[in-house]
file work-v2.txt (compact mmCIF, C-alpha atoms)
# COMPACT_ATOMS: atom_id res chain seq x y z
CA MET A 1 94.62 71.37 77.51
CA LYS A 2 98.15 72.28 76.40
CA PHE A 3 96.77 75.38 74.68
CA ILE A 4 95.06 76.55 77.89
CA LYS A 5 98.17 75.79 79.96
CA GLU A 6 100.39 77.82 77.64
CA HIS A 7 98.09 80.81 77.79
CA LEU A 8 97.74 80.55 81.56
CA MET A 9 101.53 80.59 81.84
CA PHE A 10 101.39 83.97 80.09
CA ILE A 11 98.19 85.38 81.61
CA LEU A 12 98.97 84.61 85.26
CA PRO A 13 102.35 86.46 85.38
CA LEU A 14 100.75 89.35 83.52
CA MET A 15 97.90 89.38 86.04
CA ALA A 16 100.47 89.40 88.86
CA ILE A 17 101.96 92.59 87.40
CA LEU A 18 98.51 94.12 86.94
CA PHE A 19 97.63 93.20 90.52
CA GLY A 20 100.76 95.00 91.66
CA ILE A 21 99.86 98.08 89.61
CA GLU A 22 96.30 98.13 90.93
CA PHE A 23 97.43 97.57 94.52
CA TYR A 24 99.79 100.51 94.10
CA LEU A 25 96.96 102.70 92.74
CA VAL A 26 94.64 101.66 95.57
CA PHE A 27 97.34 102.06 98.20
CA ASP A 28 98.31 105.47 96.86
CA ARG A 29 94.71 106.69 96.99
CA ALA A 30 94.07 105.15 100.42
CA THR A 31 97.28 106.54 101.90
CA LYS A 32 96.48 110.00 100.60
CA SER A 33 93.15 109.77 102.41
CA TYR A 34 94.90 108.46 105.52
CA GLU A 35 97.55 111.17 105.34
CA GLU A 36 94.79 113.75 105.08
CA GLY A 37 93.30 112.34 108.28
CA LEU A 38 96.67 112.51 110.03
CA ARG A 39 97.17 116.07 108.82
CA ALA A 40 93.73 117.09 110.04
CA ARG A 41 94.37 115.59 113.48
CA TYR A 42 97.84 117.09 113.83
CA SER A 43 98.46 120.59 115.17
CA MET A 44 101.44 122.39 116.67
CA LEU A 45 101.26 124.75 119.61
CA VAL A 46 102.40 128.33 119.10
CA VAL A 47 102.95 130.63 122.10
CA ALA A 48 102.91 134.33 121.22
CA LYS A 49 103.51 137.51 123.22
CA LYS A 50 100.52 139.23 121.61
CA PRO A 51 97.66 138.25 119.23
CA ILE A 52 98.96 137.08 115.90
CA LYS A 53 96.99 136.71 112.67
CA LEU A 54 96.93 133.70 110.38
CA SER A 55 98.29 135.79 107.52
CA VAL A 56 101.40 136.54 109.58
CA LEU A 57 101.95 132.84 110.27
CA LYS A 58 101.48 131.98 106.59
CA ALA A 59 104.01 134.65 105.66
CA LEU A 60 106.55 132.97 107.94
CA ASN A 61 105.97 129.51 106.41
CA ASN A 62 103.68 128.57 103.52
CA HIS A 63 102.80 125.17 105.06
CA ILE A 64 100.65 126.90 107.67
CA SER A 65 96.98 126.52 106.70
CA VAL A 66 94.83 127.15 109.80
CA SER A 67 95.20 128.79 113.17
CA GLU A 68 92.87 128.53 116.16
CA GLU A 69 93.34 130.61 119.27
CA ILE A 70 93.05 128.79 122.59
CA GLU A 71 90.87 130.78 124.96
CA ARG A 72 93.10 132.11 127.71
CA GLU A 73 90.14 132.41 130.08
CA ASN A 74 89.77 128.64 130.08
CA ILE A 75 93.44 128.23 130.95
CA VAL A 76 93.26 130.77 133.74
CA SER A 77 90.12 129.21 135.21
CA GLU A 78 91.99 125.94 135.68
CA ILE A 79 95.02 127.41 137.43
CA VAL A 80 93.53 130.15 139.61
CA LYS A 81 90.90 128.24 141.54
CA GLY A 82 90.57 129.84 144.99
CA VAL A 83 92.49 132.93 143.89
CA SER A 84 90.90 136.38 144.11
CA GLU A 85 89.36 137.96 141.01
CA SER A 86 91.98 140.72 140.90
CA SER A 87 94.78 138.16 140.96
CA SER A 88 93.18 136.14 138.17
CA LYS A 89 92.95 139.29 136.04
CA GLU A 90 96.64 139.99 136.60
CA ILE A 91 97.48 136.42 135.58
CA LEU A 92 95.30 136.76 132.48
CA ILE A 93 97.09 139.98 131.48
CA SER A 94 100.53 138.43 131.93
CA LEU A 95 99.58 135.19 130.19
CA PRO A 96 100.82 134.81 126.59
CA TYR A 97 98.55 133.89 123.67
CA PHE A 98 98.24 130.25 122.61
CA TYR A 99 97.36 128.94 119.13
CA ASN A 100 96.73 125.52 117.64
CA VAL A 101 98.28 125.70 114.18
CA GLY A 102 97.46 123.24 111.38
CA LEU A 103 99.38 122.43 108.20
CA ASP A 104 98.40 122.10 104.56
CA ARG A 105 99.77 118.54 104.25
CA TYR A 106 101.35 115.70 106.20
CA ILE A 107 105.12 116.32 106.35
CA ASP A 108 108.15 114.73 107.95
CA THR A 109 109.93 115.73 111.16
CA SER A 110 112.72 117.70 109.43
CA ASP A 111 110.15 119.93 107.74
CA LEU A 112 108.35 120.37 111.06
CA LYS A 113 111.56 121.57 112.66
CA LYS A 114 112.08 124.04 109.82
CA ILE A 115 108.55 125.37 110.36
CA ALA A 116 109.30 125.81 114.06
CA ILE A 117 112.51 127.72 113.23
CA ASP A 118 110.66 129.96 110.75
CA LEU A 119 107.92 130.75 113.26
CA GLU A 120 110.32 131.41 116.11
CA SER A 121 112.17 133.91 113.94
CA ASP A 122 109.27 136.30 114.63
CA ILE A 123 110.02 138.37 117.74
CA ASN A 124 106.41 138.10 118.90
CA ILE A 125 106.49 134.27 119.02
CA LYS A 126 107.96 132.92 122.24
CA LYS A 127 107.85 129.17 121.58
CA VAL A 128 106.66 126.55 119.09
CA GLU A 129 105.92 123.00 120.22
CA ILE A 130 105.78 120.53 117.30
CA PHE A 131 105.39 117.32 119.39
CA SER A 132 108.08 115.75 117.25
CA SER A 133 108.42 112.46 119.16
CA SER A 134 104.87 111.23 118.54
CA HIS A 135 104.76 112.67 115.02
CA SER A 136 108.11 111.16 114.07
CA SER A 137 107.20 107.62 115.15
CA SER A 138 103.92 107.72 113.19
CA TYR A 139 105.57 109.20 110.09
CA ARG A 140 108.46 106.70 110.07
CA LEU A 141 106.15 103.71 110.49
CA PHE A 142 103.88 105.00 107.75
CA SER A 143 106.82 105.66 105.39
CA PHE A 144 108.32 102.22 106.12
CA ILE A 145 105.07 100.46 105.21
CA LYS A 146 104.86 102.42 101.96
CA PHE A 147 108.48 101.57 101.10
CA ILE A 148 108.06 97.83 101.80
CA LEU A 149 104.90 97.62 99.69
CA LYS A 150 106.52 99.44 96.77
CA LEU A 151 109.61 97.22 97.00
CA PHE A 152 107.47 94.08 97.00
CA ILE A 153 105.46 95.28 93.99
CA VAL A 154 108.64 96.06 92.02
CA PHE A 155 110.18 92.66 92.87
CA MET A 156 106.98 90.82 91.89
CA ALA A 157 106.72 92.80 88.65
CA VAL A 158 110.31 92.03 87.63
CA ALA A 159 109.94 88.30 88.39
CA SER A 160 106.61 88.13 86.52
CA PHE A 161 108.07 89.99 83.52
CA PHE A 162 110.82 87.40 83.16
CA LEU A 163 108.17 84.63 83.20
CA ILE A 164 106.33 86.48 80.42
CA ILE A 165 109.55 86.70 78.39
CA LYS A 166 110.15 82.97 78.88
CA GLN A 167 106.64 82.09 77.69
CA MET A 168 107.05 84.43 74.73
CA GLU A 169 110.23 82.56 73.74
CA ILE A 170 108.29 79.28 73.86
CA TRP A 171 105.65 80.72 71.52
CA LYS A 172 108.37 82.01 69.21
CA TYR A 173 109.84 78.53 68.85
CA ALA A 174 106.34 77.06 68.37
CA HIS A 175 105.81 79.37 65.37
CA LYS A 176 109.41 79.23 64.22
CA GLU A 177 108.72 77.46 60.90
CA ARG A 178 105.97 79.90 59.91
CA MET A 179 108.20 82.85 60.73
CA GLN A 180 111.08 81.34 58.72
CA VAL A 181 108.85 80.86 55.67
CA MET A 182 107.74 84.49 55.89
CA GLU A 183 111.39 85.52 56.18
CA ILE A 184 112.23 83.61 52.97
CA PHE A 185 109.56 85.62 51.16
CA GLY A 186 111.07 88.83 52.47
CA ALA A 187 108.57 89.71 55.17
CA PRO A 188 109.93 92.31 57.62
CA LEU A 189 110.68 91.32 61.19
CA MET A 190 107.59 92.93 62.74
CA LEU A 191 105.28 91.29 60.19
CA ARG A 192 106.83 87.87 60.82
CA SER A 193 106.18 88.39 64.52
CA GLY A 194 102.56 89.34 63.95
CA ILE A 195 101.25 86.06 65.35
CA LEU A 196 103.12 86.67 68.60
CA PHE A 197 101.71 90.20 68.87
CA ARG A 198 98.16 88.99 68.23
CA VAL A 199 98.33 86.25 70.84
CA ALA A 200 100.03 88.50 73.40
CA ILE A 201 97.57 91.38 72.89
CA THR A 202 94.61 88.98 73.20
CA ASP A 203 95.99 87.66 76.47
CA ALA A 204 96.57 91.25 77.64
CA PHE A 205 92.84 91.95 77.23
CA ILE A 206 91.98 88.71 79.04
CA ALA A 207 94.36 89.47 81.94
CA THR A 208 92.98 93.01 82.26
CA THR A 209 89.40 91.73 82.27
CA LEU A 210 90.08 89.08 84.92
CA THR A 211 92.00 91.53 87.12
CA SER A 212 89.21 94.10 86.86
CA ILE A 213 86.56 91.50 87.75
CA ILE A 214 88.51 90.42 90.84
CA PHE A 215 88.91 93.99 92.09
CA LEU A 216 85.27 94.78 91.37
CA TYR A 217 84.32 91.77 93.47
CA ILE A 218 86.64 92.96 96.26
CA LYS A 219 85.11 96.44 96.10
CA PHE A 220 81.41 95.56 95.97
CA LYS A 221 81.27 92.23 97.82
CA TRP A 222 84.23 91.49 100.05
CA ALA A 223 85.45 94.89 101.33
CA ALA A 224 82.17 95.90 102.98
CA GLN A 225 82.11 92.64 104.98
CA SER A 226 85.84 92.36 105.63
CA GLY A 227 85.84 94.11 109.01
CA ILE A 228 89.06 95.91 108.00
CA ASP A 229 88.55 99.58 108.87
CA ILE A 230 90.89 101.07 106.29
CA MET A 231 89.13 99.12 103.51
CA MET A 232 85.61 99.78 104.77
CA ASP A 233 86.37 103.50 105.09
CA ASN A 234 87.86 103.70 101.59
CA ILE A 235 85.61 101.44 99.52
CA GLU A 236 85.31 104.03 96.76
CA GLU A 237 89.10 104.11 96.47
CA LEU A 238 89.46 100.36 95.86
CA PHE A 239 88.66 100.36 92.16
CA MET A 240 87.75 103.19 89.80
CA PRO A 241 86.65 103.15 86.15
CA ARG A 242 89.85 104.88 85.03
CA ASP A 243 91.84 102.01 86.55
CA ILE A 244 90.65 99.76 83.70
CA ALA A 245 92.29 102.06 81.16
CA ILE A 246 95.49 102.19 83.24
CA LEU A 247 95.60 98.39 83.57
CA LEU A 248 94.89 97.80 79.89
CA GLY A 249 97.47 100.35 78.81
CA SER A 250 100.04 98.80 81.15
CA ALA A 251 99.24 95.27 79.94
CA LEU A 252 99.57 96.25 76.26
CA LEU A 253 102.84 98.05 76.92
CA ILE A 254 104.24 95.05 78.81
CA VAL A 255 103.35 92.48 76.14
CA ILE A 256 104.55 94.69 73.27
CA VAL A 257 107.88 95.23 75.03
CA ALA A 258 108.11 91.49 75.77
CA VAL A 259 107.41 90.45 72.17
CA TYR A 260 109.72 93.08 70.71
CA SER A 261 112.58 92.16 73.05
CA VAL A 262 112.24 88.46 72.20
CA VAL A 263 112.10 88.84 68.41
CA VAL A 264 114.88 91.44 68.28
CA THR A 265 117.13 89.37 70.54
CA SER A 266 116.54 86.22 68.48
CA LYS A 267 117.27 88.13 65.25
CA ARG A 268 120.62 89.33 66.61
CA VAL A 269 121.53 85.78 67.66
CA GLN A 270 120.74 84.43 64.17
CA GLU A 271 122.83 87.11 62.54
call {"tool": "encode", "arguments": {"input": "work-v2.txt", "output": "structure tokens"}}
result
Amino acid sequence: MKFIKEHLMFILPLMAILFGIEFYLVFDRATKSYEEGLRARYSMLVVAKKPIKLSVLKALNNHISVSEEIERENIVSEIVKGVSESSSKEILISLPYFYNVGLDRYIDTSDLKKIAIDLESDINIKKVEIFSSSHSSSYRLFSFIKFILKLFIVFMAVASFFLIIKQMEIWKYAHKERMQVMEIFGAPLMLRSGILFRVAITDAFIATTLTSIIFLYIKFKWAAQSGIDIMMDNIEELFMPRDIAILLGSALLIVIVAVYSVVVTSKRVQE
């Protein structure tokens, strides 16, 4: 029972770090998909004196990706009801050209303002409406959520790493006599610490396996029935085969750093 408890005290903090890493990977993939949706739905309004090609707009700012002309006839038909045909033609001739302009990615308000300045530098463009108020509120909320999640993951990872270090120190003292005997016979530091590396690496594989199983369950069982739109729409993003390699590599790196820091620190204290 004590053996299981000791290993759980090492595996659980390591799993907490791996959970944080996987949540970050999932969140990063999901937010990229969400940002792509926001980008696709967003467009700015460009008012031009004469027809303007997409290539001209792209030359003014490289974030411009698409341009769709708004039919002026539809605009005129709404504002000239009851007006004679000759008058409607005069209005159509005097009316500027309107374009819905899309961007290549989701950007913040300051970049939007720069795009507007670049576009308005063309003498044929009368006005650019970026709808900054609605865009700014959405972007700030989205950025704040990303920042809070990243901060929480970093805090949890740091706290869990210190728990791993503490458990590693307990194991070091448990194997202290064996390590001292090996030291008497001239074994180098890394060889004397071999037992700690073996135990830690074994637990790293166990933690990675358990974490992967939990996320596979979330992906294939829970997410589809959760009723949470962002999860149901991004089921494929929840866990990917390459995530196992990332988690295992992270777990091995963490435990190797933990073991090395403990044995090196203890060696300096003894000296």
call {"tool": "closest_residue", "arguments": {"input": "work-v2.txt", "among": "A:Phe162, A:Glu237, A:Ala116, A:Leu247", "to": "A:Leu210", "atoms": "all atoms listed in the file"}}
result
A:Leu247
call {"tool": "atom_distance", "arguments": {"input": "work-v2.txt", "atom1": "atom CA of A:Tyr24", "atom2": "atom CA of A:Phe197"}}
result
27.3 Å
call {"tool": "closest_residue", "arguments": {"input": "work-v2.txt", "among": "A:Ile244, A:Glu120, A:Phe142, A:Met156", "to": "A:Phe205", "atoms": "all atoms listed in the file"}}
result
A:Ile244
call {"tool": "residues_around", "arguments": {"input": "work-v2.txt", "residues": "A:Val46", "least_positions_apart": "4", "cutoff": "12 Å", "atoms": "only C-alpha atoms", "output": "JSON list (two decimals) with C-alpha atoms, in the coordinates of the input"}}
result
[["chain", "number", "residue", "atom", "x", "y", "z"],
["A", 50, "LYS", "CA", 100.52, 139.23, 121.61],
["A", 51, "PRO", "CA", 97.66, 138.25, 119.23],
["A", 52, "ILE", "CA", 98.96, 137.08, 115.90],
["A", 53, "LYS", "CA", 96.99, 136.71, 112.67],
["A", 54, "LEU", "CA", 96.93, 133.70, 110.38],
["A", 57, "LEU", "CA", 101.95, 132.84, 110.27],
["A", 64, "ILE", "CA", 100.65, 126.90, 107.67],
["A", 67, "SER", "CA", 95.20, 128.79, 113.17],
["A", 68, "GLU", "CA", 92.87, 128.53, 116.16],
["A", 69, "GLU", "CA", 93.34, 130.61, 119.27],
["A", 70, "ILE", "CA", 93.05, 128.79, 122.59],
["A", 96, "PRO", "CA", 100.82, 134.81, 126.59],
["A", 97, "TYR", "CA", 98.55, 133.89, 123.67],
["A", 98, "PHE", "CA", 98.24, 130.25, 122.61],
["A", 99, "TYR", "CA", 97.36, 128.94, 119.13],
["A", 100, "ASN", "CA", 96.73, 125.52, 117.64],
["A", 101, "VAL", "CA", 98.28, 125.70, 114.18],
["A", 102, "GLY", "CA", 97.46, 123.24, 111.38],
["A", 115, "ILE", "CA", 108.55, 125.37, 110.36],
["A", 116, "ALA", "CA", 109.30, 125.81, 114.06],
["A", 117, "ILE", "CA", 112.51, 127.72, 113.23],
["A", 118, "ASP", "CA", 110.66, 129.96, 110.75],
["A", 119, "LEU", "CA", 107.92, 130.75, 113.26],
["A", 120, "GLU", "CA", 110.32, 131.41, 116.11],
["A", 122, "ASP", "CA", 109.27, 136.30, 114.63],
["A", 124, "ASN", "CA", 106.41, 138.10, 118.90],
["A", 125, "ILE", "CA", 106.49, 134.27, 119.02],
["A", 126, "LYS", "CA", 107.96, 132.92, 122.24],
["A", 127, "LYS", "CA", 107.85, 129.17, 121.58],
["A", 128, "VAL", "CA", 106.66, 126.55, 119.09],
["A", 129, "GLU", "CA", 105.92, 123.00, 120.22],
["A", 130, "ILE", "CA", 105.78, 120.53, 117.30],
["A", 131, "PHE", "CA", 105.39, 117.32, 119.39]]
call {"tool": "residues_around", "arguments": {"input": "work-v2.txt", "residues": "stretch 251-255 of chain A", "least_positions_apart": "4", "cutoff": "9 Å", "atoms": "all atoms listed in the file", "output": "MDAnalysis selection string"}}
result
chainID A and resid 14:15 17:18 161 164:165 168 197 200:201 203:205 207:208 246:247 259:260
call {"tool": "atom_distance", "arguments": {"input": "work-v2.txt", "atom1": "atom CA of A:Ile214", "atom2": "atom CA of A:Leu238"}}
result
11.2 Å
call {"tool": "closest_residue", "arguments": {"input": "work-v2.txt", "among": "A:Leu248, A:Phe152, A:Leu112, A:Ala157", "to": "A:Ile206", "atoms": "only C-alpha atoms"}}
result
A:Leu248
call {"tool": "atom_distance", "arguments": {"input": "work-v2.txt", "atom1": "atom CA of A:Lys166", "atom2": "atom CA of A:Ala16"}}
result
15.3 Å
